Every structure is written in structure tokens, then in C-alpha cells.
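Below is the file upload.txt, which contains compact mmCIF, C-alpha atoms.
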```
# COMPACT_ATOMS: atom_id res chain seq x y z
CA MET A 1 -21.40 232.43 59.86
CA PRO A 2 -24.25 231.55 62.25
CA ASN A 3 -23.95 232.28 65.96
CA ILE A 4 -24.22 228.69 67.27
CA GLN A 5 -24.45 228.10 71.00
CA ALA A 6 -22.19 225.30 72.13
CA LYS A 7 -23.51 222.15 73.75
CA TYR A 8 -22.19 220.67 76.95
CA TYR A 9 -21.32 223.56 79.23
CA GLU A 10 -22.50 225.18 82.43
CA LYS A 11 -22.69 228.80 83.51
CA LEU A 12 -20.63 229.95 86.48
CA PRO A 13 -20.69 233.16 88.53
CA ASN A 14 -19.33 236.40 87.00
CA LYS A 15 -20.25 235.25 83.49
CA ARG A 16 -17.64 232.48 83.51
CA VAL A 17 -18.52 229.14 81.92
CA LYS A 18 -17.22 225.59 82.21
CA CYS A 19 -17.07 223.43 79.09
CA HIS A 20 -18.00 219.77 79.47
CA LEU A 21 -17.31 218.59 75.91
CA CYS A 22 -13.93 216.99 76.63
CA PRO A 23 -12.21 215.84 79.84
CA LEU A 24 -10.17 219.05 80.07
CA GLU A 25 -13.33 220.74 81.40
CA CYS A 26 -12.01 224.22 80.59
CA GLY A 27 -13.15 227.08 82.83
CA ILE A 28 -13.46 230.05 80.47
CA ASP A 29 -13.62 233.75 81.30
CA PRO A 30 -15.69 236.19 79.22
CA GLY A 31 -13.98 236.95 75.91
CA LYS A 32 -11.69 233.92 76.20
CA SER A 33 -11.67 230.54 74.46
CA GLY A 34 -11.00 227.01 75.66
CA ILE A 35 -7.73 225.21 74.94
CA CYS A 36 -9.17 223.97 71.63
CA ARG A 37 -9.73 227.61 70.51
CA LEU A 38 -13.07 226.69 68.93
CA ARG A 39 -15.38 227.44 71.87
CA THR A 40 -15.55 231.00 73.19
CA ASN A 41 -17.24 232.66 76.15
CA ILE A 42 -19.24 235.55 74.74
CA ASP A 43 -20.95 237.51 77.51
CA GLY A 44 -21.49 234.43 79.66
CA GLU A 45 -22.60 232.10 76.85
CA LEU A 46 -20.36 229.42 75.33
CA ILE A 47 -20.42 229.90 71.56
CA ALA A 48 -19.09 227.43 68.99
CA THR A 49 -17.09 230.13 67.21
CA GLY A 50 -15.33 227.55 65.03
CA TYR A 51 -18.64 226.25 63.64
CA GLY A 52 -18.24 225.54 59.92
CA GLN A 53 -14.90 227.32 59.76
CA VAL A 54 -12.95 224.91 57.54
CA VAL A 55 -9.16 224.97 57.55
CA SER A 56 -8.71 222.36 54.81
CA LEU A 57 -10.87 220.61 52.24
CA ALA A 58 -9.77 217.85 49.87
CA ILE A 59 -10.70 214.53 48.30
CA ASP A 60 -8.47 211.84 49.82
CA PRO A 61 -8.17 208.09 49.40
CA MET A 62 -9.63 206.26 52.38
CA GLU A 63 -6.23 204.67 52.97
CA LYS A 64 -4.78 208.09 53.84
CA LYS A 65 -6.88 208.36 57.02
CA PRO A 66 -5.59 205.58 57.52
CA LEU A 67 -8.53 203.21 57.20
CA TYR A 68 -7.66 199.88 55.56
CA HIS A 69 -10.79 197.86 56.35
CA PHE A 70 -13.45 200.45 55.49
CA ARG A 71 -14.38 201.20 51.87
CA PRO A 72 -10.95 200.20 50.49
CA GLY A 73 -9.85 202.33 47.55
CA LYS A 74 -12.77 204.74 47.81
CA PRO A 75 -12.38 208.55 47.74
CA ILE A 76 -13.73 210.59 50.63
CA LEU A 77 -14.15 214.33 51.08
CA SER A 78 -11.95 215.34 54.00
CA THR A 79 -12.07 218.44 56.15
CA GLY A 80 -11.15 219.73 59.59
CA PRO A 81 -11.20 222.70 61.97
CA ASN A 82 -8.47 225.08 63.09
CA GLY A 83 -7.97 223.66 66.57
CA CYS A 84 -7.20 220.75 68.87
CA ASN A 85 -7.52 219.90 72.56
CA PHE A 86 -4.14 218.12 72.67
CA LYS A 87 -0.76 219.83 72.62
CA CYS A 88 1.41 217.10 71.09
CA PRO A 89 4.89 218.56 70.45
CA PHE A 90 5.40 216.18 67.50
CA CYS A 91 2.16 217.09 65.65
CA GLN A 92 2.52 216.72 61.89
CA ASN A 93 -0.32 219.19 61.25
CA TRP A 94 0.69 221.73 63.89
CA THR A 95 0.29 224.73 61.55
CA ILE A 96 -3.46 224.12 61.47
CA SER A 97 -3.98 222.43 64.84
CA GLN A 98 -1.83 224.56 67.17
CA GLU A 99 -1.74 227.94 65.42
CA LYS A 100 -4.38 230.25 64.03
CA SER A 101 -4.79 229.64 60.30
CA HIS A 102 -7.01 230.95 57.53
CA THR A 103 -10.47 229.36 57.44
CA GLU A 104 -13.55 229.67 55.27
CA TYR A 105 -17.15 229.01 56.25
CA VAL A 106 -18.82 225.96 54.72
CA SER A 107 -22.37 225.26 55.88
CA PRO A 108 -23.47 221.67 56.57
CA GLU A 109 -25.64 221.82 53.46
CA GLN A 110 -22.71 223.00 51.34
CA LEU A 111 -20.49 220.23 52.71
CA LEU A 112 -23.15 217.64 51.86
CA THR A 113 -23.38 219.00 48.32
CA LEU A 114 -19.61 218.88 47.89
CA ALA A 115 -19.47 215.28 49.08
CA ASP A 116 -22.40 214.19 46.95
CA ARG A 117 -21.17 215.68 43.69
CA ASN A 118 -17.49 214.71 43.79
CA GLY A 119 -17.78 210.92 43.81
CA SER A 120 -17.01 210.74 47.51
CA VAL A 121 -18.51 208.03 49.71
CA GLY A 122 -19.02 210.61 52.45
CA VAL A 123 -17.02 212.97 54.64
CA ALA A 124 -13.99 212.36 56.85
CA PHE A 125 -13.58 214.86 59.67
CA THR A 126 -9.81 214.79 60.08
CA TYR A 127 -6.51 216.70 59.80
CA THR A 128 -6.78 218.32 63.27
CA GLU A 129 -9.27 217.30 66.00
CA PRO A 130 -12.87 216.96 64.82
CA LEU A 131 -14.41 216.11 68.19
CA VAL A 132 -13.88 219.68 69.45
CA TRP A 133 -15.83 220.76 66.33
CA PHE A 134 -18.72 218.90 67.90
CA GLU A 135 -21.76 220.97 66.92
CA TYR A 136 -20.69 221.20 63.27
CA VAL A 137 -19.70 217.54 62.98
CA TYR A 138 -22.99 216.51 64.59
CA ASP A 139 -25.12 218.64 62.24
CA CYS A 140 -23.19 217.50 59.17
CA SER A 141 -23.29 213.85 60.21
CA ARG A 142 -27.08 213.83 60.49
CA LEU A 143 -27.41 215.29 56.99
CA LEU A 144 -24.87 212.86 55.54
CA LYS A 145 -26.63 209.84 57.02
CA GLU A 146 -30.00 211.04 55.68
CA LYS A 147 -28.38 211.07 52.23
CA GLY A 148 -26.85 207.60 52.71
CA LEU A 149 -23.27 208.87 52.84
CA ASP A 150 -20.55 207.71 55.22
CA VAL A 151 -19.24 209.62 58.25
CA VAL A 152 -15.61 209.07 59.24
CA LEU A 153 -13.70 210.52 62.19
CA VAL A 154 -9.92 210.66 62.55
CA SER A 155 -9.46 211.67 66.14
CA ASN A 156 -7.49 211.59 69.36
CA GLY A 157 -10.59 210.16 71.05
CA PHE A 158 -10.47 212.72 73.87
CA ILE A 159 -14.14 213.46 74.51
CA ASN A 160 -16.51 213.01 77.41
CA GLU A 161 -18.90 210.07 77.38
CA GLU A 162 -22.21 211.89 76.96
CA PRO A 163 -21.30 213.81 73.78
CA ALA A 164 -19.60 210.72 72.37
CA ARG A 165 -22.81 208.76 72.79
CA GLU A 166 -24.80 211.55 71.13
CA LEU A 167 -22.56 211.64 68.05
CA PHE A 168 -21.53 208.03 67.52
CA PRO A 169 -24.89 206.71 66.25
CA PHE A 170 -24.22 208.76 63.09
CA VAL A 171 -20.60 207.61 62.62
CA ASP A 172 -19.53 204.73 60.37
CA ALA A 173 -15.79 204.52 60.94
CA VAL A 174 -13.12 206.01 63.20
CA ASP A 175 -9.36 205.96 63.29
CA ILE A 176 -8.23 206.93 66.77
CA ASP A 177 -4.65 207.86 67.60
CA LEU A 178 -3.61 205.69 70.51
CA LYS A 179 -0.49 207.64 71.43
CA SER A 180 0.90 205.34 74.10
CA ALA A 181 0.05 202.75 76.73
CA SER A 182 1.56 205.09 79.33
CA LYS A 183 -0.64 207.41 81.38
CA ASP A 184 2.44 209.56 82.07
CA PHE A 185 3.06 209.98 78.33
CA TYR A 186 -0.49 211.17 77.79
CA ARG A 187 -0.38 213.56 80.75
CA LYS A 188 3.09 215.03 80.25
CA VAL A 189 3.46 214.98 76.46
CA CYS A 190 -0.08 215.31 75.07
CA ARG A 191 -1.75 216.92 78.09
CA GLY A 192 -4.50 214.34 77.92
CA ASN A 193 -5.61 211.18 79.67
CA LEU A 194 -5.25 207.59 78.47
CA ASP A 195 -8.30 206.26 80.31
CA ASP A 196 -10.62 208.74 78.59
CA VAL A 197 -9.28 207.74 75.17
CA LEU A 198 -9.74 204.04 75.94
CA ARG A 199 -13.32 204.73 77.03
CA THR A 200 -14.01 206.42 73.69
CA ILE A 201 -12.57 203.46 71.76
CA LYS A 202 -14.77 201.05 73.70
CA ILE A 203 -17.86 203.19 73.11
CA ALA A 204 -17.11 203.21 69.37
CA VAL A 205 -16.85 199.41 69.41
CA GLU A 206 -20.12 199.25 71.36
CA TYR A 207 -21.86 201.26 68.63
CA ASP A 208 -20.57 198.83 65.98
CA ILE A 209 -18.45 201.50 64.33
CA GLU A 210 -15.53 200.30 62.21
CA VAL A 211 -12.62 201.07 64.56
CA GLU A 212 -8.99 201.28 63.54
CA LEU A 213 -6.16 202.53 65.75
CA THR A 214 -2.90 204.31 64.95
CA ASN A 215 0.22 204.50 67.09
CA LEU A 216 3.04 206.89 66.18
CA LEU A 217 6.32 205.25 67.14
CA ILE A 218 8.64 207.90 68.59
CA PRO A 219 12.30 207.02 69.35
CA ASP A 220 13.03 206.76 73.09
CA GLU A 221 9.47 207.84 73.94
CA ASN A 222 7.15 204.90 73.30
CA ASP A 223 9.19 202.41 71.24
CA SER A 224 10.67 200.00 73.79
CA ASP A 225 9.60 196.36 73.75
CA VAL A 226 7.74 196.94 77.02
CA ASP A 227 5.90 199.94 75.55
CA LEU A 228 4.94 197.94 72.49
CA GLU A 229 3.84 194.87 74.42
CA ASN A 230 1.71 197.04 76.72
CA ILE A 231 -0.08 198.85 73.91
CA VAL A 232 -0.67 195.62 72.02
CA ASP A 233 -2.18 194.09 75.16
CA ILE A 234 -4.53 197.08 75.46
CA VAL A 235 -5.72 196.69 71.87
CA ALA A 236 -6.00 192.90 72.10
CA ASP A 237 -8.11 193.20 75.25
CA ILE A 238 -10.59 195.37 73.36
CA SER A 239 -10.52 193.18 70.24
CA PRO A 240 -7.66 191.37 68.47
CA LEU A 241 -9.47 192.07 65.18
CA ILE A 242 -9.05 195.86 65.39
CA PRO A 243 -6.71 196.97 62.55
CA PHE A 244 -3.64 198.50 64.17
CA HIS A 245 -1.40 200.96 62.31
CA ILE A 246 2.10 201.54 63.65
CA SER A 247 3.55 204.62 61.98
CA ARG A 248 7.04 205.98 61.62
CA TYR A 249 7.68 209.31 63.31
CA PHE A 250 9.48 212.10 61.44
CA PRO A 251 10.78 215.30 63.05
CA ASN A 252 8.13 218.01 63.15
CA TYR A 253 6.92 220.97 65.20
CA LYS A 254 8.90 220.97 68.48
CA TYR A 255 10.47 217.51 68.13
CA THR A 256 13.87 217.16 66.46
CA LYS A 257 14.51 213.50 67.27
CA PRO A 258 15.66 211.46 64.26
CA PRO A 259 13.02 209.48 62.34
CA THR A 260 11.94 206.06 63.55
CA SER A 261 14.28 203.46 62.07
CA ILE A 262 12.92 200.81 59.75
CA SER A 263 14.31 198.12 62.04
CA THR A 264 12.39 199.54 65.00
CA LEU A 265 9.21 199.72 62.94
CA ASN A 266 9.59 196.14 61.76
CA ARG A 267 10.21 194.96 65.32
CA ALA A 268 7.07 196.75 66.48
CA VAL A 269 5.01 195.14 63.72
CA GLU A 270 6.40 191.71 64.63
CA ILE A 271 5.49 192.18 68.31
CA ALA A 272 1.99 193.39 67.46
CA ARG A 273 1.30 190.50 65.09
CA ARG A 274 1.77 188.02 67.91
CA LYS A 275 -1.63 189.05 69.32
CA LEU A 276 -3.40 191.14 66.68
CA ALA A 277 -4.87 189.88 63.40
CA TYR A 278 -4.26 193.00 61.30
CA VAL A 279 -1.12 195.09 61.81
CA TYR A 280 0.14 197.65 59.32
CA PRO A 281 3.30 199.76 59.18
CA GLY A 282 2.58 203.43 58.50
CA ASN A 283 4.69 206.00 56.64
CA TYR A 284 6.35 202.98 55.03
CA ILE A 285 5.14 201.23 51.89
CA ASP A 286 6.25 197.63 52.53
CA ASN A 287 4.45 194.89 54.43
CA SER A 288 1.02 196.54 54.34
CA ASP A 289 -1.11 193.97 52.48
CA THR A 290 -4.27 192.71 54.14
CA LYS A 291 -4.09 188.94 54.58
CA CYS A 292 -6.50 186.37 55.92
CA PRO A 293 -5.49 185.77 59.57
CA ASP A 294 -6.23 182.04 59.23
CA CYS A 295 -4.46 181.05 56.01
CA GLY A 296 -2.41 184.07 54.89
CA GLN A 297 -4.26 184.56 51.61
CA ILE A 298 -3.76 188.12 50.30
CA LEU A 299 -7.10 189.94 50.25
CA ILE A 300 -5.85 193.45 49.47
CA LYS A 301 -2.48 194.33 47.95
CA ARG A 302 -1.20 197.84 48.67
CA GLU A 303 1.46 200.10 47.30
CA GLY A 304 1.23 203.48 48.96
CA TYR A 305 -2.42 204.53 48.67
CA HIS A 306 -3.00 202.33 45.61
CA ILE A 307 -4.78 199.03 46.16
CA ASP A 308 -5.34 195.89 44.12
CA LEU A 309 -7.94 193.22 44.86
CA PRO A 310 -6.56 189.89 43.59
CA ASN A 311 -9.90 188.13 44.19
CA GLY A 312 -12.28 191.10 44.04
CA ALA A 313 -14.30 192.47 46.95
CA VAL A 314 -14.92 189.08 48.54
CA GLU A 315 -16.98 188.47 51.66
CA GLN A 316 -15.11 185.26 52.47
CA CYS A 317 -11.50 184.22 52.04
CA PRO A 318 -11.26 182.39 48.69
CA ARG A 319 -8.80 179.90 50.14
CA CYS A 320 -10.17 178.94 53.57
CA GLY A 321 -13.66 180.45 53.66
CA ARG A 322 -13.13 182.68 56.69
CA GLU A 323 -15.37 185.74 56.73
CA VAL A 324 -13.29 188.78 55.90
CA ASP A 325 -13.26 191.73 58.33
CA ILE A 326 -13.66 194.39 55.66
CA ILE A 327 -16.50 196.81 54.92
CA TRP A 328 -16.56 197.19 51.15
```
Spell out the structure here as C-alpha cells.
Amino acid sequence: MPNIQAKYYEKLPNKRVKCHLCPLECGIDPGKSGICRLRTNIDGELIATGYGQVVSLAIDPMEKKPLYHFRPGKPILSTGPNGCNFKCPFCQNWTISQEKSHTEYVSPEQLLTLADRNGSVGVAFTYTEPLVWFEYVYDCSRLLKEKGLDVVLVSNGFINEEPARELFPFVDAVDIDLKSASKDFYRKVCRGNLDDVLRTIKIAVEYDIEVELTNLLIPDENDSDVDLENIVDIVADISPLIPFHISRYFPNYKYTKPPTSISTLNRAVEIARRKLAYVYPGNYIDNSDTKCPDCGQILIKREGYHIDLPNGAVEQCPRCGREVDIIW
């Protein structure tokens, strides 16, 4: 594995460093790593010690990200690092995001080859938190774009503005977890900051990236009508055309609360559809077709990760002529 110096940090006295990649701004002593565990102070230099260290590698359907309006039905090579800068106690991938797991080195050139020879439309950086894998994602993304392949991020969106603006010109689509409309929820539960995540979403929109958002609905945490109305207002203010996935929570990691009820999920979807054009239940197979917002014509039928296109990959609704908001 190459010894890659990290970007976005400053040197402090006594060989300490301060990382400026994400808003946590970790101060790191020699021999220690930041909260993400991927950036380590080695003798006063911040080294991207997680560079190319892959914790998982698979071909997934695009719908699994979930992305419903970007390359529907297409396979994409998916990978991620062994780390995260959030500490969500309900994390579904906590064994690879919160704990040290086995990794193997895959160079950017090897990742490009794997994507190009397996019928994938590109690479999705996902599973854990790809933005703290910055140097590797950036190098891979440049190679992928040179080859005409897609770059997808599935992320918590917790990154500082300058690195986001450096990376996003090479990104085609993102799904960002919008955990809650509550700043207290972000601070106390995730150890993050809502405003920084919203800034990242707006920057992605500014760069004309296909943006989709996912909200995990947790009983008694973020599932009240007020919570739902607030988060829908946030999304609608950015754009009512952003596809919004509302997913059922299931007990995992440190959370033992019972799963989100179907009735709560359906209520959340109903509230969201009052202001948003495309709302999808997650971790639930019903009610997830893509329909024309103007006339209700079904554009994409879904059953799990399987899709059917009743009218083909159309650019306009066959019934009313509205331009469809889908990147085929």
C-alpha cells in the first residue's frame, strides 16, 4: 500500500495535526488517528492510512443504494472503507463502520479494471462513509470519469465545503442520509451537525449531481408528524423534485427499539407526498413505483430491486408529455 499524505490538514506544535476534511476538525496526536480511523498522525504528518483498503466489494443493483432515478436497473461495482465519522448507534453496517475489520488493498487502477470488465456502469462508494476516504475516492473518481464510467456516493454528507467542491465535479449521483430535521438529534445521536449536511446537499445540487435523500424512520426518535413535516419542508425548500426515500428501521448495533411499523411508514410517505414529487418507502416492497407527478402514469414498476419499464426508457411521460426526472 502506498504511503499517501492526506489532504486538508494543518500542522500544530509538538507534532500534533488538525484535520480539516470534515467538520469534526479532529486534533490528532502522533501515532493516533481521527474519529474516522482512516487518517493517522505519523511523526507530525497526516497520512491517509485507509487509502485503498477495501472492506467490501460487490456488484449491486443501483436500486440498492438506493438510487431510483439514476441508471435504473443497472449494476454498479460497490465498495467502501473501514471507517466513518459518525457514531450512529443504530448503524446497520456497524461491523465495518464502527469496528476494525479485515481489508484488502485495491489500487485505483485495479478498481477501474474491475468496474470496466464486470458490466458495471461505474463505482458506488458506499457501505460505510466514503467521504472520509477522500484521497482514494478522489483518485478513483478521476480515473473513472476519464473512462466514461459513473461515480456514485452513498454518504452522510458530513464534509467541509472546500473538499466537497474539489470532489463533486467528478461525481454523477449521490444518496445522502438525512437523519433528521433536528439539530439536537444530529448532535446527540450521530455526533454530527445538520447544517453541514444541508450545505453538502445544496453543493451537490449546485454541481448538477443527481441527488437523492434517505431518512431512516426510528420509533420515538424522528417519526412524529412534526418531525416528518419539518424534514419534508427542508427537502422541499431545496427542491421538491429530489427523490426522497423513507426507510423502515430495524434493531441493530446498540438500538433495540422495535422495527418501524408499516402504519408509521405509510403515514410518513403520505405526509411527504403532500410536498414532494417522488417519495419511496424503504425496506418495504410496496408503493415504490415511480409515477409521473402530473398525471400518475407509471414510469417504473418495482418489486424489491427488480424493475419493469412499461413504456421503455422514455424521456417524456407517454400520457401527458411531462419530461421525466430520470437519468437512464
Tell me, counting only C-alpha atoms, for each residue of segment 26-131 of chain A within 6 Å of segment 179-192 of chain A, which pair of atoms is nearest and how far apart they are in Å to one decimal, in rows ordered by chain and increasing number, as a tab-separated table.
```
residue	atom	partner	partner_atom	distance
A:Phe86	CA	A:Cys190	CA	5.5
A:Lys87	CA	A:Cys190	CA	5.2
A:Cys88	CA	A:Cys190	CA	4.6
```
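For the pair atom CA of His69 of chain A and atom CA of Ile326 of chain A, the interatomic distance is 4.6 Å.
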Exercise. Which of these residues is nearest to Tyr255 of chain A, using only C-alpha atoms: A:His102, A:Tyr68, A:Leu21, A:Pro219?
Worked result: A:Pro219
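Nearest residue to Ile307 of chain A among A:Lys147, A:Lys64, A:Arg117, A:Arg319 is A:Lys64, counting all atoms listed in the file.
With all atoms listed in the file as the atoms that count, the residue of A:Ile201, A:Arg273, A:Ile298, A:Glu109 with the shortest distance to Arg165 of chain A is A:Ile201.
Checking A:Cys22, A:Glu210, A:Lys65, A:Asp233 one by one against Asp196 of chain A, counting all atoms listed in the file, you find the shortest gap at A:Cys22.
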Exercise. If we count all atoms listed in the file, what is near Glu206 of chain A at a cut-off of 12 Å, once residues fewer than 5 positions away on the same chain are taken out, given as number ranges by chain?
Worked result: A: 164-165, 168-169, 199-201, 211, 238-239
For this session: May I have the residues within 10 Å of Glu99 of chain A as a PyMOL selection string, using all atoms listed in the file and disregarding those fewer than 4 positions away in the same chain?
Result: chain A and resi 37+82-84+93-95
At most 12 Å is the cut-off: for each residue in segment 35-60 of chain A with any atom that close to an atom of segment 5-14 of chain A, write down the nearest atom pair and the distance in Å rounded to one decimal, counting all atoms listed in the file, chain first then increasing number, as JSON lines.
```
{"residue": "A:Leu38", "atom": "CA", "partner": "A:Ala6", "partner_atom": "CA", "distance": 9.8}
{"residue": "A:Arg39", "atom": "CA", "partner": "A:Ala6", "partner_atom": "CA", "distance": 7.1}
{"residue": "A:Thr40", "atom": "CA", "partner": "A:Ala6", "partner_atom": "CA", "distance": 8.8}
{"residue": "A:Asn41", "atom": "CA", "partner": "A:Ala6", "partner_atom": "CA", "distance": 9.7}
{"residue": "A:Ile42", "atom": "CA", "partner": "A:Gln5", "partner_atom": "CA", "distance": 9.8}
{"residue": "A:Asp43", "atom": "CA", "partner": "A:Asn14", "partner_atom": "CA", "distance": 9.7}
{"residue": "A:Gly44", "atom": "CA", "partner": "A:Lys11", "partner_atom": "CA", "distance": 6.9}
{"residue": "A:Glu45", "atom": "CA", "partner": "A:Gln5", "partner_atom": "CA", "distance": 7.3}
{"residue": "A:Leu46", "atom": "CA", "partner": "A:Ala6", "partner_atom": "CA", "distance": 5.5}
{"residue": "A:Ile47", "atom": "CA", "partner": "A:Gln5", "partner_atom": "CA", "distance": 4.4}
{"residue": "A:Ala48", "atom": "CA", "partner": "A:Ala6", "partner_atom": "CA", "distance": 4.9}
{"residue": "A:Thr49", "atom": "CA", "partner": "A:Gln5", "partner_atom": "CA", "distance": 8.5}
{"residue": "A:Gly50", "atom": "CA", "partner": "A:Ala6", "partner_atom": "CA", "distance": 10.1}
{"residue": "A:Tyr51", "atom": "CA", "partner": "A:Ala6", "partner_atom": "CA", "distance": 9.3}
```
Exercise. Which neighbours of Ser247 of chain A fall inside 8 Å, counting only C-alpha atoms, when residues of the same chain fewer than 2 positions from it are skipped, and could you give them as an NGL selection string?
Worked result: :A and (214-217 or 245 or 249 or 265 or 281-284)
Exercise. Which residue out of A:Ala204, A:Ile246, A:Ile300, A:Ala268 has the minimum interatomic distance to Asp225 of chain A when all atoms listed in the file are used?
Worked result: A:Ala268
Seminar exercise, completed: What separates atom CA of Cys26 of chain A and atom CA of Val137 of chain A is a distance of 20.3 Å
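Note that atom CA of Ile218 of chain A and atom CA of Ile285 of chain A are 18.3 Å apart.
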Exercise. With all atoms listed in the file as the atoms that count, which of A:Asp195, A:Glu135, A:Glu146, A:Glu323 lies nearest to Glu166 of chain A?
Worked result: A:Glu135
Go through segment 131-234 of chain A residue by residue and, counting only C-alpha atoms, keep those with an atom at most 12 Å from segment 27-36 of chain A; for each kept residue give the shortest atom pair and its distance in Å to one decimal, ordered by chain and increasing number, as a tab-separated table.
```
residue	atom	partner	partner_atom	distance
A:Leu131	CA	A:Cys36	CA	10.1
A:Val132	CA	A:Cys36	CA	6.7
A:Trp133	CA	A:Cys36	CA	9.1
A:Phe134	CA	A:Cys36	CA	11.4
A:Phe158	CA	A:Cys36	CA	11.5
A:Ile159	CA	A:Cys36	CA	12.0
A:Arg191	CA	A:Ile35	CA	10.7
A:Gly192	CA	A:Ile35	CA	11.7
```
Excluding Ile59 of chain A and residues on its chain fewer than 6 positions from it, collect all residues at most 12 Å away from it, counting only C-alpha atoms, and give them as a PDB file with C-alpha atoms, in the frame of the given file.
```pdb
ATOM      1  CA  LYS A  65      -6.880 208.360  57.020  1.00  0.00           C
ATOM      2  CA  LYS A  74     -12.770 204.740  47.810  1.00  0.00           C
ATOM      3  CA  PRO A  75     -12.380 208.550  47.740  1.00  0.00           C
ATOM      4  CA  ILE A  76     -13.730 210.590  50.630  1.00  0.00           C
ATOM      5  CA  LEU A  77     -14.150 214.330  51.080  1.00  0.00           C
ATOM      6  CA  SER A  78     -11.950 215.340  54.000  1.00  0.00           C
ATOM      7  CA  THR A  79     -12.070 218.440  56.150  1.00  0.00           C
ATOM      8  CA  LEU A 114     -19.610 218.880  47.890  1.00  0.00           C
ATOM      9  CA  ALA A 115     -19.470 215.280  49.080  1.00  0.00           C
ATOM     10  CA  ASP A 116     -22.400 214.190  46.950  1.00  0.00           C
ATOM     11  CA  ARG A 117     -21.170 215.680  43.690  1.00  0.00           C
ATOM     12  CA  ASN A 118     -17.490 214.710  43.790  1.00  0.00           C
ATOM     13  CA  GLY A 119     -17.780 210.920  43.810  1.00  0.00           C
ATOM     14  CA  SER A 120     -17.010 210.740  47.510  1.00  0.00           C
ATOM     15  CA  VAL A 121     -18.510 208.030  49.710  1.00  0.00           C
ATOM     16  CA  GLY A 122     -19.020 210.610  52.450  1.00  0.00           C
ATOM     17  CA  VAL A 123     -17.020 212.970  54.640  1.00  0.00           C
ATOM     18  CA  ALA A 124     -13.990 212.360  56.850  1.00  0.00           C
ATOM     19  CA  PHE A 125     -13.580 214.860  59.670  1.00  0.00           C
ATOM     20  CA  THR A 126      -9.810 214.790  60.080  1.00  0.00           C
TER      21      THR A 126
END
```
For this session: Please identify all polymer residues within 8 Å of Gly52 of chain A, counting all atoms listed in the file, omitting same-chain residues fewer than 4 positions from it, and present them as a PyMOL selection string.
Result: chain A and resi 1+81+104-108+136
Could the residues in this selection be saved with C-alpha atoms as a PDB file, in the coordinates of the input?
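What ended up in selection.pdb:
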```pdb
ATOM      1  CA  MET A   1     -21.400 232.430  59.860  1.00  0.00           C
ATOM      2  CA  PRO A  81     -11.200 222.700  61.970  1.00  0.00           C
ATOM      3  CA  GLU A 104     -13.550 229.670  55.270  1.00  0.00           C
ATOM      4  CA  TYR A 105     -17.150 229.010  56.250  1.00  0.00           C
ATOM      5  CA  VAL A 106     -18.820 225.960  54.720  1.00  0.00           C
ATOM      6  CA  SER A 107     -22.370 225.260  55.880  1.00  0.00           C
ATOM      7  CA  PRO A 108     -23.470 221.670  56.570  1.00  0.00           C
ATOM      8  CA  TYR A 136     -20.690 221.200  63.270  1.00  0.00           C
TER       9      TYR A 136
END
```
